[in-house]
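The file data_27.cif contains mmCIF, C-alpha atoms and all ligand atoms:
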data_data
#
loop_
_atom_site.label_atom_id
_atom_site.label_comp_id
_atom_site.auth_asym_id
_atom_site.auth_seq_id
_atom_site.Cartn_x
_atom_site.Cartn_y
_atom_site.Cartn_z
CA MET A 45 49.59 -26.73 -47.34
CA THR A 46 51.33 -23.55 -46.21
CA GLU A 47 54.53 -22.36 -47.84
CA THR A 48 57.39 -22.88 -45.44
CA VAL A 49 60.14 -21.53 -47.67
CA GLN A 50 60.78 -17.83 -48.01
CA TRP A 51 62.20 -16.99 -51.42
CA VAL A 52 64.72 -14.18 -51.54
CA VAL A 53 64.98 -14.45 -55.30
CA GLU A 54 62.48 -15.77 -57.75
CA THR A 55 62.69 -15.48 -61.53
CA GLU A 56 59.96 -16.52 -63.92
CA ASP A 57 60.82 -17.28 -67.50
CA LEU A 58 63.46 -14.58 -67.43
CA THR A 59 64.70 -13.54 -70.87
CA ARG A 60 67.19 -10.92 -72.02
CA ILE A 61 67.76 -10.36 -75.69
CA TYR A 62 70.54 -8.10 -76.91
CA GLY A 63 70.87 -6.44 -80.31
CA ASP A 64 68.25 -5.50 -82.84
CA GLY A 65 69.65 -7.08 -86.00
CA GLU A 66 71.23 -10.35 -85.01
CA GLU A 67 69.53 -11.30 -81.74
CA ILE A 68 71.57 -12.63 -78.87
CA ARG A 69 69.54 -14.50 -76.28
CA ALA A 70 71.78 -13.84 -73.29
CA LEU A 71 69.09 -15.33 -71.03
CA ASP A 72 66.48 -17.63 -72.42
CA GLY A 73 63.60 -18.49 -70.11
CA VAL A 74 65.34 -18.88 -66.77
CA SER A 75 63.08 -19.80 -63.85
CA LEU A 76 64.80 -20.20 -60.57
CA ARG A 77 64.26 -19.77 -56.86
CA VAL A 78 66.72 -19.03 -54.12
CA ALA A 79 65.65 -19.41 -50.51
CA ALA A 80 66.66 -17.14 -47.64
CA GLY A 81 70.05 -18.14 -46.30
CA GLU A 82 71.12 -20.16 -49.33
CA PHE A 83 74.64 -20.01 -50.73
CA VAL A 84 74.37 -20.59 -54.48
CA ALA A 85 77.07 -20.84 -57.13
CA VAL A 86 76.35 -20.01 -60.77
CA MET A 87 78.68 -21.73 -63.23
CA GLY A 88 78.82 -22.11 -66.99
CA PRO A 89 81.04 -21.27 -69.94
CA SER A 90 81.96 -17.72 -70.84
CA GLY A 91 79.02 -16.03 -72.55
CA SER A 92 76.43 -18.39 -71.03
CA GLY A 93 74.56 -15.52 -69.34
CA LYS A 94 75.92 -15.58 -65.78
CA SER A 95 76.59 -11.85 -65.51
CA THR A 96 73.35 -11.04 -67.30
CA LEU A 97 71.45 -13.11 -64.73
CA LEU A 98 73.11 -11.33 -61.81
CA ASN A 99 72.50 -7.93 -63.40
CA MET A 100 68.79 -8.73 -63.73
CA ILE A 101 68.49 -9.90 -60.14
CA GLY A 102 70.35 -6.81 -58.92
CA ALA A 103 68.15 -4.47 -61.01
CA LEU A 104 71.21 -3.22 -62.91
CA ASP A 105 69.49 -4.15 -66.16
CA LYS A 106 65.90 -4.78 -67.28
CA PRO A 107 64.63 -8.07 -68.69
CA THR A 108 63.24 -8.33 -72.22
CA GLY A 109 60.69 -10.81 -70.90
CA GLY A 110 59.73 -12.59 -67.71
CA LYS A 111 59.86 -11.45 -64.12
CA VAL A 112 62.23 -11.03 -61.23
CA PHE A 113 61.11 -10.93 -57.62
CA VAL A 114 63.49 -10.02 -54.84
CA GLY A 115 62.19 -10.39 -51.31
CA GLY A 116 58.76 -11.01 -52.85
CA GLN A 117 58.79 -7.67 -54.67
CA ASP A 118 58.41 -7.52 -58.46
CA LEU A 119 61.41 -5.48 -59.64
CA ALA A 120 59.36 -4.05 -62.53
CA THR A 121 57.23 -2.19 -59.97
CA ILE A 122 60.10 -0.60 -58.06
CA ARG A 123 60.37 3.11 -58.79
CA ASN A 124 63.54 3.97 -56.94
CA LYS A 125 66.04 1.36 -58.12
CA ASP A 126 68.96 3.09 -56.41
CA ALA A 127 67.30 2.90 -53.00
CA PHE A 128 66.36 -0.72 -53.66
CA ARG A 129 69.94 -1.62 -54.55
CA SER A 130 71.52 0.10 -51.59
CA LYS A 131 69.12 -1.46 -49.09
CA THR A 132 68.50 -4.91 -50.52
CA VAL A 133 71.48 -6.03 -52.59
CA GLY A 134 75.20 -5.99 -51.91
CA PHE A 135 77.39 -6.29 -55.01
CA MET A 136 80.86 -7.74 -55.47
CA PHE A 137 82.73 -7.91 -58.75
CA GLN A 138 85.89 -9.54 -60.07
CA LEU A 139 87.64 -6.23 -59.79
CA HIS A 140 86.98 -4.84 -56.35
CA ASN A 141 86.18 -1.30 -57.63
CA LEU A 142 87.44 0.28 -54.43
CA LEU A 143 88.05 3.99 -54.64
CA PRO A 144 91.85 4.31 -54.77
CA THR A 145 92.11 7.56 -52.79
CA LEU A 146 89.96 6.37 -49.89
CA THR A 147 91.15 4.17 -47.04
CA ALA A 148 89.62 0.75 -46.42
CA ILE A 149 87.26 2.08 -43.76
CA GLU A 150 86.21 5.06 -45.91
CA ASN A 151 85.46 2.72 -48.82
CA VAL A 152 83.17 0.66 -46.61
CA GLU A 153 81.44 3.84 -45.40
CA VAL A 154 80.52 5.03 -48.90
CA PRO A 155 77.31 2.98 -49.39
CA MET A 156 76.07 4.10 -45.94
CA MET A 157 76.20 7.78 -46.86
CA GLY A 158 72.71 9.18 -46.82
CA TYR A 159 71.52 6.35 -44.59
CA LEU A 160 73.60 6.72 -41.43
CA LYS A 161 75.22 9.61 -39.57
CA PRO A 162 79.02 9.91 -39.93
CA LYS A 163 79.75 8.50 -36.47
CA GLU A 164 77.42 5.52 -36.95
CA ARG A 165 78.83 4.85 -40.41
CA HIS A 166 82.35 4.88 -39.09
CA GLU A 167 81.49 2.49 -36.27
CA ARG A 168 79.64 0.09 -38.54
CA ALA A 169 82.42 0.14 -41.15
CA GLY A 170 84.95 -0.65 -38.42
CA HIS A 171 82.80 -3.50 -37.19
CA LEU A 172 82.46 -4.93 -40.71
CA LEU A 173 86.19 -4.72 -41.37
CA SER A 174 86.81 -6.61 -38.12
CA LEU A 175 84.29 -9.19 -39.26
CA VAL A 176 86.27 -9.82 -42.45
CA GLY A 177 89.56 -9.98 -40.53
CA LEU A 178 90.93 -6.55 -41.41
CA ALA A 179 90.79 -4.81 -38.03
CA ASP A 180 94.45 -3.89 -38.40
CA ARG A 181 94.17 -2.58 -41.98
CA MET A 182 91.39 0.00 -41.66
CA LYS A 183 93.49 3.02 -42.60
CA HIS A 184 95.32 1.38 -45.50
CA LEU A 185 94.69 2.54 -49.05
CA PRO A 186 93.66 -0.13 -51.58
CA ASN A 187 97.13 -0.22 -53.17
CA GLN A 188 98.63 -0.97 -49.75
CA LEU A 189 96.57 -4.16 -49.51
CA SER A 190 96.93 -7.56 -51.17
CA GLY A 191 94.39 -8.75 -53.75
CA GLY A 192 92.72 -10.99 -51.18
CA GLN A 193 92.56 -8.16 -48.63
CA ARG A 194 91.04 -5.81 -51.19
CA GLN A 195 88.33 -8.36 -51.92
CA ARG A 196 87.70 -8.59 -48.16
CA VAL A 197 87.16 -4.83 -48.09
CA ALA A 198 84.75 -5.34 -51.00
CA VAL A 199 82.90 -7.96 -48.92
CA ALA A 200 82.61 -5.52 -46.01
CA ARG A 201 81.38 -2.82 -48.39
CA ALA A 202 78.79 -5.20 -49.91
CA LEU A 203 77.47 -5.83 -46.39
CA ALA A 204 77.41 -2.13 -45.44
CA ASN A 205 73.65 -1.68 -45.38
CA ASN A 206 73.03 -5.18 -44.09
CA PRO A 207 71.39 -6.46 -47.29
CA PRO A 208 69.56 -9.79 -47.23
CA LEU A 209 71.20 -10.67 -50.57
CA VAL A 210 74.76 -10.43 -51.89
CA LEU A 211 75.50 -10.91 -55.60
CA ALA A 212 79.11 -11.65 -56.46
CA ASP A 213 80.33 -11.87 -60.07
CA GLU A 214 83.55 -13.90 -60.15
CA PRO A 215 84.87 -12.38 -56.91
CA THR A 216 87.77 -14.84 -56.87
CA GLY A 217 88.60 -14.33 -60.57
CA ASN A 218 91.67 -12.22 -59.90
CA LEU A 219 92.94 -14.14 -56.89
CA ASP A 220 95.32 -17.09 -56.70
CA THR A 221 93.87 -20.43 -55.64
CA GLU A 222 94.66 -20.02 -51.97
CA ALA A 223 93.32 -16.48 -51.66
CA GLY A 224 90.26 -17.54 -53.67
CA GLU A 225 89.49 -20.38 -51.31
CA GLU A 226 90.03 -18.10 -48.30
CA LEU A 227 87.59 -15.58 -49.70
CA MET A 228 84.97 -18.27 -50.32
CA GLY A 229 85.56 -19.59 -46.80
CA LEU A 230 84.84 -16.09 -45.51
CA LEU A 231 81.63 -15.78 -47.55
CA SER A 232 80.57 -19.20 -46.34
CA GLU A 233 81.19 -18.17 -42.70
CA LEU A 234 79.24 -14.93 -43.19
CA ASN A 235 76.44 -16.84 -44.88
CA GLU A 236 76.11 -18.98 -41.78
CA SER A 237 76.71 -16.36 -39.08
CA GLN A 238 74.71 -13.50 -40.62
CA GLY A 239 72.11 -15.48 -42.56
CA THR A 240 72.87 -13.43 -45.69
CA THR A 241 71.96 -15.09 -48.99
CA TYR A 242 74.80 -15.32 -51.51
CA ILE A 243 74.71 -15.90 -55.25
CA VAL A 244 78.26 -16.24 -56.52
CA VAL A 245 79.38 -16.61 -60.14
CA THR A 246 82.52 -18.66 -60.47
CA HIS A 247 84.53 -20.69 -63.00
CA ASP A 248 86.27 -22.66 -60.32
CA PRO A 249 84.70 -26.01 -59.34
CA ALA A 250 86.63 -25.98 -56.05
CA VAL A 251 85.05 -22.64 -55.23
CA ALA A 252 81.61 -23.84 -56.27
CA ARG A 253 81.84 -26.90 -54.04
CA GLN A 254 82.00 -24.62 -51.01
CA THR A 255 78.41 -23.54 -51.67
CA ASN A 256 75.07 -25.31 -51.08
CA ARG A 257 73.87 -25.45 -54.66
CA ILE A 258 75.38 -25.12 -58.10
CA ILE A 259 73.32 -23.77 -60.97
CA VAL A 260 74.89 -24.43 -64.36
CA LEU A 261 73.98 -22.11 -67.23
CA GLU A 262 74.49 -22.86 -70.88
CA ASP A 263 73.34 -20.68 -73.80
CA GLY A 264 71.19 -18.62 -71.44
CA LYS A 265 69.36 -21.63 -70.01
CA ILE A 266 69.69 -23.59 -66.79
CA GLU A 267 71.48 -26.71 -67.93
CA ARG A 268 71.42 -28.45 -64.56
CA GLU A 269 71.46 -27.95 -60.80
CA ASP A 270 73.41 -29.82 -58.17
CA ILE A 271 73.03 -29.69 -54.44
CA VAL A 272 76.33 -29.80 -52.59
CA ASN A 273 77.35 -29.93 -48.95
CA SER A 274 73.88 -31.11 -48.14
CA PRO A 275 73.44 -33.64 -45.40
CA LEU A 276 70.48 -34.79 -47.46
CA GLU A 277 72.72 -35.80 -50.31
CA GLU A 278 74.06 -38.89 -48.61
CA ASP A 279 70.52 -39.98 -47.76
CA LEU A 280 69.46 -39.41 -51.31
CA LYS A 281 72.16 -41.74 -52.59
CA MET A 282 70.56 -44.47 -50.51
CA TRP A 283 67.10 -43.60 -51.74
CA ARG A 284 67.61 -43.41 -55.44
CA HIS A 285 66.88 -47.07 -56.08
CA SER A 286 64.45 -47.44 -53.21
CA ASP A 287 60.75 -47.74 -53.70
CA LEU A 288 60.26 -44.39 -51.96
CA GLY A 289 62.86 -42.65 -54.13
CA GLN A 290 61.23 -44.00 -57.26
CA ARG A 291 57.80 -42.92 -56.08
CA ILE A 292 59.03 -39.36 -55.46
CA LEU A 293 60.60 -39.31 -58.92
CA ASN A 294 57.32 -40.44 -60.39
CA GLY A 295 55.53 -37.54 -58.74
CA ASP A 296 53.74 -39.52 -56.03
CA GLU A 297 52.42 -36.78 -53.72
CA GLU A 298 51.79 -39.18 -50.89
CA ALA A 299 55.42 -40.31 -50.85
CA SER A 300 56.66 -36.76 -50.44
CA GLN A 301 54.11 -36.14 -47.71
CA ILE A 302 55.44 -39.12 -45.77
CA LEU A 303 58.81 -37.38 -45.71
CA GLY A 304 57.31 -33.97 -44.99
CA ILE A 305 58.96 -32.41 -48.00
CA PRO A 306 57.54 -28.95 -48.71
CA HIS A 307 55.91 -28.75 -52.11
CA THR A 308 58.28 -25.95 -53.07
CA GLU A 309 61.35 -28.13 -52.59
CA LEU A 310 60.05 -31.12 -54.45
CA GLU A 311 61.34 -30.14 -57.89
CA THR A 312 64.85 -29.57 -56.57
CA LEU A 313 64.72 -32.89 -54.80
CA LYS A 314 63.62 -34.71 -57.93
CA LEU A 315 66.47 -33.11 -59.79
CA VAL A 316 68.98 -34.31 -57.23
CA LEU A 317 67.53 -37.80 -57.28
CA LYS A 318 67.75 -37.85 -61.06
CA THR A 319 71.31 -36.55 -61.07
CA ASN A 320 72.39 -39.15 -58.57
CA THR A 321 70.65 -41.88 -60.53
CA GLN A 322 72.43 -40.82 -63.70
CA GLU A 323 75.77 -40.77 -61.88
CA ALA A 324 75.15 -44.27 -60.63
CA GLU A 325 74.28 -45.51 -64.09
CA THR A 326 77.11 -43.83 -65.95
CA GLY A 327 79.93 -44.35 -63.54
P1 LIG A 401 78.90 -14.67 -68.85
O1 LIG A 401 78.88 -13.74 -67.71
O2 LIG A 401 78.34 -16.02 -68.58
O3 LIG A 401 80.26 -14.77 -69.47
P2 LIG A 401 77.23 -12.64 -70.13
O4 LIG A 401 76.01 -12.64 -69.30
O5 LIG A 401 78.20 -11.56 -69.90
O6 LIG A 401 77.95 -14.07 -70.01
O7 LIG A 401 76.82 -12.62 -71.67
C1 LIG A 401 75.84 -13.48 -72.23
C2 LIG A 401 75.72 -13.20 -73.73
O8 LIG A 401 75.18 -11.91 -73.93
C3 LIG A 401 77.04 -13.20 -74.47
O9 LIG A 401 76.83 -13.75 -75.75
C4 LIG A 401 77.41 -11.75 -74.55
O10 LIG A 401 78.23 -11.52 -75.66
C5 LIG A 401 76.07 -11.09 -74.69
N1 LIG A 401 76.05 -9.75 -74.09
C6 LIG A 401 76.25 -9.43 -72.77
N2 LIG A 401 76.13 -8.11 -72.57
C7 LIG A 401 75.83 -7.56 -73.77
C8 LIG A 401 75.56 -6.23 -74.23
N3 LIG A 401 75.57 -5.18 -73.40
N4 LIG A 401 75.29 -6.06 -75.54
C9 LIG A 401 75.25 -7.09 -76.40
N5 LIG A 401 75.49 -8.37 -76.05
C10 LIG A 401 75.78 -8.61 -74.76
MG MG A 402 80.42 -12.69 -66.75
#

Produce structure tokens that represent the structure in this file.
Amino acid sequence: MTETVQWVVETEDLTRIYGDGEEIRALDGVSLRVAAGEFVAVMGPSGSGKSTLLNMIGALDKPTGGKVFVGGQDLATIRNKDAFRSKTVGFMFQLHNLLPTLTAIENVEVPMMGYLKPKERHERAGHLLSLVGLADRMKHLPNQLSGGQRQRVAVARALANNPPLVLADEPTGNLDTEAGEELMGLLSELNESQGTTYIVVTHDPAVARQTNRIIVLEDGKIEREDIVNSPLEEDLKMWRHSDLGQRILNGDEEASQILGIPHTELETLKLVLKTNTQEAETG
């Protein structure tokens, strides 16, 4: 059977240990896959390893053990990490990190320096700011913009070099509920219109529900995964007690072939079936 899914991110048994005396296992054997075009939320209590995971995927930090592949490339084999980051990954953080003395459009141009000529940079930055709804704020300085608008500039900046992947660490953390939901709505729109893959760390369940999949970390491990906003989900609720559903759960290859489920998606599907079954039993 041929692989139909293209993985943008793949981690294998990813581990990050901090400290030399008392060891802290910030990440403890995380294996996960994110397909092209997915919109994934990472949740979990403070200290559960969310930022560490994003830092590993974005090549900001090196794993103690295990592997990270981005776009099929093993990060351990990449020599020029800076070039990799500017071309492949867009970053967004809780604090926007915009340069205070540069205007919105200049901030968006910064990551394109060295890659595009000034005129092209300027045009692209203008286009991106229009895309995030800030066409009329291009020449404003960060302190002349609201928190939500500043995060929109940060979105435009993250998209500057048209990366296939955007990593956002609590981008709504400093925003009020309404601005937070607006920002997630924007990311969701961009995910659909541009096909960019998003991995977003958030504490807010309302924010997480706007994504396609929620990965929950606890003590550096994946505690569970939930698929949201999936048209499949409703179907799965019907299946969970069906003969077919049970056969898939029991690893019956033939049953999954009947449904044409790619091998690579089977584990996720089983997880969803299990989760739904548990929900039905407990409440
Ligand atoms: P989260 O983002 O989920 O709040 P982090 O990934 O920041 O969690 O941290 C996971 C664990 O690793 C925590 O126990 C934290 O204290 C520890 N940790 C993170 N960064 C470092 C570091 N640079 N040095 C030592 N310990 C760290
Ligand atoms: Mg964090």

**Request:** Grab me every residue within 6 Å of ligand LIG 401 (chain A), counting only C-alpha atoms and all ligand atoms, and send it over as a PyMOL selection string.
**Result:** chain A and resi 62-63+70+90-96

May I have the residues within 12 Å of ligand MG 402 (chain A), computed using only C-alpha atoms and all ligand atoms, as a PDB file with C-alpha atoms, in the coordinates of the input?
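The resulting part.pdb:
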ATOM      1  CA  ALA A  70      71.780 -13.840 -73.290  1.00  0.00           C
ATOM      2  CA  VAL A  86      76.350 -20.010 -60.770  1.00  0.00           C
ATOM      3  CA  MET A  87      78.680 -21.730 -63.230  1.00  0.00           C
ATOM      4  CA  GLY A  88      78.820 -22.110 -66.990  1.00  0.00           C
ATOM      5  CA  PRO A  89      81.040 -21.270 -69.940  1.00  0.00           C
ATOM      6  CA  SER A  90      81.960 -17.720 -70.840  1.00  0.00           C
ATOM      7  CA  GLY A  91      79.020 -16.030 -72.550  1.00  0.00           C
ATOM      8  CA  SER A  92      76.430 -18.390 -71.030  1.00  0.00           C
ATOM      9  CA  GLY A  93      74.560 -15.520 -69.340  1.00  0.00           C
ATOM     10  CA  LYS A  94      75.920 -15.580 -65.780  1.00  0.00           C
ATOM     11  CA  SER A  95      76.590 -11.850 -65.510  1.00  0.00           C
ATOM     12  CA  THR A  96      73.350 -11.040 -67.300  1.00  0.00           C
ATOM     13  CA  LEU A  97      71.450 -13.110 -64.730  1.00  0.00           C
ATOM     14  CA  LEU A  98      73.110 -11.330 -61.810  1.00  0.00           C
ATOM     15  CA  ASN A  99      72.500  -7.930 -63.400  1.00  0.00           C
ATOM     16  CA  PHE A 137      82.730  -7.910 -58.750  1.00  0.00           C
ATOM     17  CA  GLN A 138      85.890  -9.540 -60.070  1.00  0.00           C
ATOM     18  CA  LEU A 139      87.640  -6.230 -59.790  1.00  0.00           C
ATOM     19  CA  ALA A 212      79.110 -11.650 -56.460  1.00  0.00           C
ATOM     20  CA  ASP A 213      80.330 -11.870 -60.070  1.00  0.00           C
ATOM     21  CA  GLU A 214      83.550 -13.900 -60.150  1.00  0.00           C
ATOM     22  CA  PRO A 215      84.870 -12.380 -56.910  1.00  0.00           C
ATOM     23  CA  GLY A 217      88.600 -14.330 -60.570  1.00  0.00           C
ATOM     24  CA  VAL A 244      78.260 -16.240 -56.520  1.00  0.00           C
ATOM     25  CA  VAL A 245      79.380 -16.610 -60.140  1.00  0.00           C
ATOM     26  CA  THR A 246      82.520 -18.660 -60.470  1.00  0.00           C
ATOM     27  CA  HIS A 247      84.530 -20.690 -63.000  1.00  0.00           C
ATOM     28  CA  LEU A 261      73.980 -22.110 -67.230  1.00  0.00           C
ATOM     29  CA  GLY A 264      71.190 -18.620 -71.440  1.00  0.00           C
TER      30      GLY A 264
END

**Prompt:** In terms of the shortest atom-to-atom distance over all atoms listed in the file, which of A:Ile243, A:Leu173, A:Val84, A:Leu178 is closest to A:Gly102?
**Reply:**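 The answer is A:Ile243, which sits nearest to A:Gly102.
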
With stretch 223-242 of chain A as the partner and 7 Å as the cut-off, tabulate the residues of stretch 53-137 of chain A that qualify, each row holding the nearest pair of atoms and their distance in Å to one decimal, using all atoms listed in the file, sorted by chain and rising number, as a Markdown table.
| residue | atom | partner | partner_atom | distance |
| --- | --- | --- | --- | --- |
| A:Ala80 | CA | A:Thr241 | CA | 5.8 |
| A:Gly81 | CA | A:Thr241 | CA | 4.5 |
| A:Glu82 | CA | A:Thr241 | CA | 5.2 |
| A:Phe83 | CA | A:Tyr242 | CA | 4.8 |
| A:Val84 | CA | A:Tyr242 | CA | 6.1 |

**Request:** Could you check how far atom CA of A:Glu298 sits from atom CA of A:Glu267, in Å to one decimal?
**Result:**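 Going from atom CA of A:Glu298 over to atom CA of A:Glu267 covers 28.9 Å.
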
**Request:** Pick out the residues sitting within 7 Å of stretch 181-194 of chain A, and hand them over as a PyMOL selection string; count only C-alpha atoms, and ignore anything fewer than 6 positions along from it in its own chain.
**Result:** chain A and resi 140+142+144-149+219+223

Those selected residues, please, written with C-alpha atoms and delivered as a short mmCIF file (atom, residue, chain, number, x, y, z; two decimals), in the coordinates of the input.
data_model
loop_
_atom_site.label_atom_id
_atom_site.label_comp_id
_atom_site.auth_asym_id
_atom_site.auth_seq_id
_atom_site.Cartn_x
_atom_site.Cartn_y
_atom_site.Cartn_z
CA HIS A 140 86.98 -4.84 -56.35
CA LEU A 142 87.44 0.28 -54.43
CA PRO A 144 91.85 4.31 -54.77
CA THR A 145 92.11 7.56 -52.79
CA LEU A 146 89.96 6.37 -49.89
CA THR A 147 91.15 4.17 -47.04
CA ALA A 148 89.62 0.75 -46.42
CA ILE A 149 87.26 2.08 -43.76
CA LEU A 219 92.94 -14.14 -56.89
CA ALA A 223 93.32 -16.48 -51.66
#

**Prompt:** So how far away is atom CA of A:Ala179 from atom CA of A:Arg165, in Å?
**Reply:**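 These atoms are spaced 15.6 Å apart.
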
**Message:** Which residue is closest to A:Val260? Choose from A:Glu311, A:Val74, A:Val112, A:Ser130 and count all atoms listed in the file.
**Reply:** A:Val74

**Prompt:** Between atom CA of A:Ser174 and atom CA of A:Ala79, what is the distance, to one decimal in Å?
**Reply:**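 Distance reported for this atom pair: 27.7 Å.
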
**Request:** Within 8 Å of A:Val272, counting all atoms listed in the file, which residues show up once you throw out same-chain ones fewer than 4 positions away? Write them as number ranges by chain, please.
**Result:** A: 253-258, 277

**Message:** Applying 12 Å and all atoms listed in the file, which residues near stretch 126-128 of chain A remain after dropping the ones on its own chain fewer than 5 positions away? List them as a PyMOL selection string.
**Reply:** chain A and resi 101-104+114-115+117-121+133-134+155-159+205+207-209

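Among A:Ala85, A:Val197, A:Ile266, A:Ala250, the residue with the shortest atom-to-atom distance to A:Thr59, counting all atoms listed in the file, is A:Ile266.
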
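Of the residues listed (A:Asp72, A:Glu167, A:Asp248, A:Asp105), A:Asp72 shows the shortest atom-to-atom separation from A:Asp263; distances use all atoms listed in the file.
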
**Residue among A:Ala299, A:Val152, A:Leu310, A:Leu160 lying closest to A:Arg196, counting all atoms listed in the file** = A:Val152
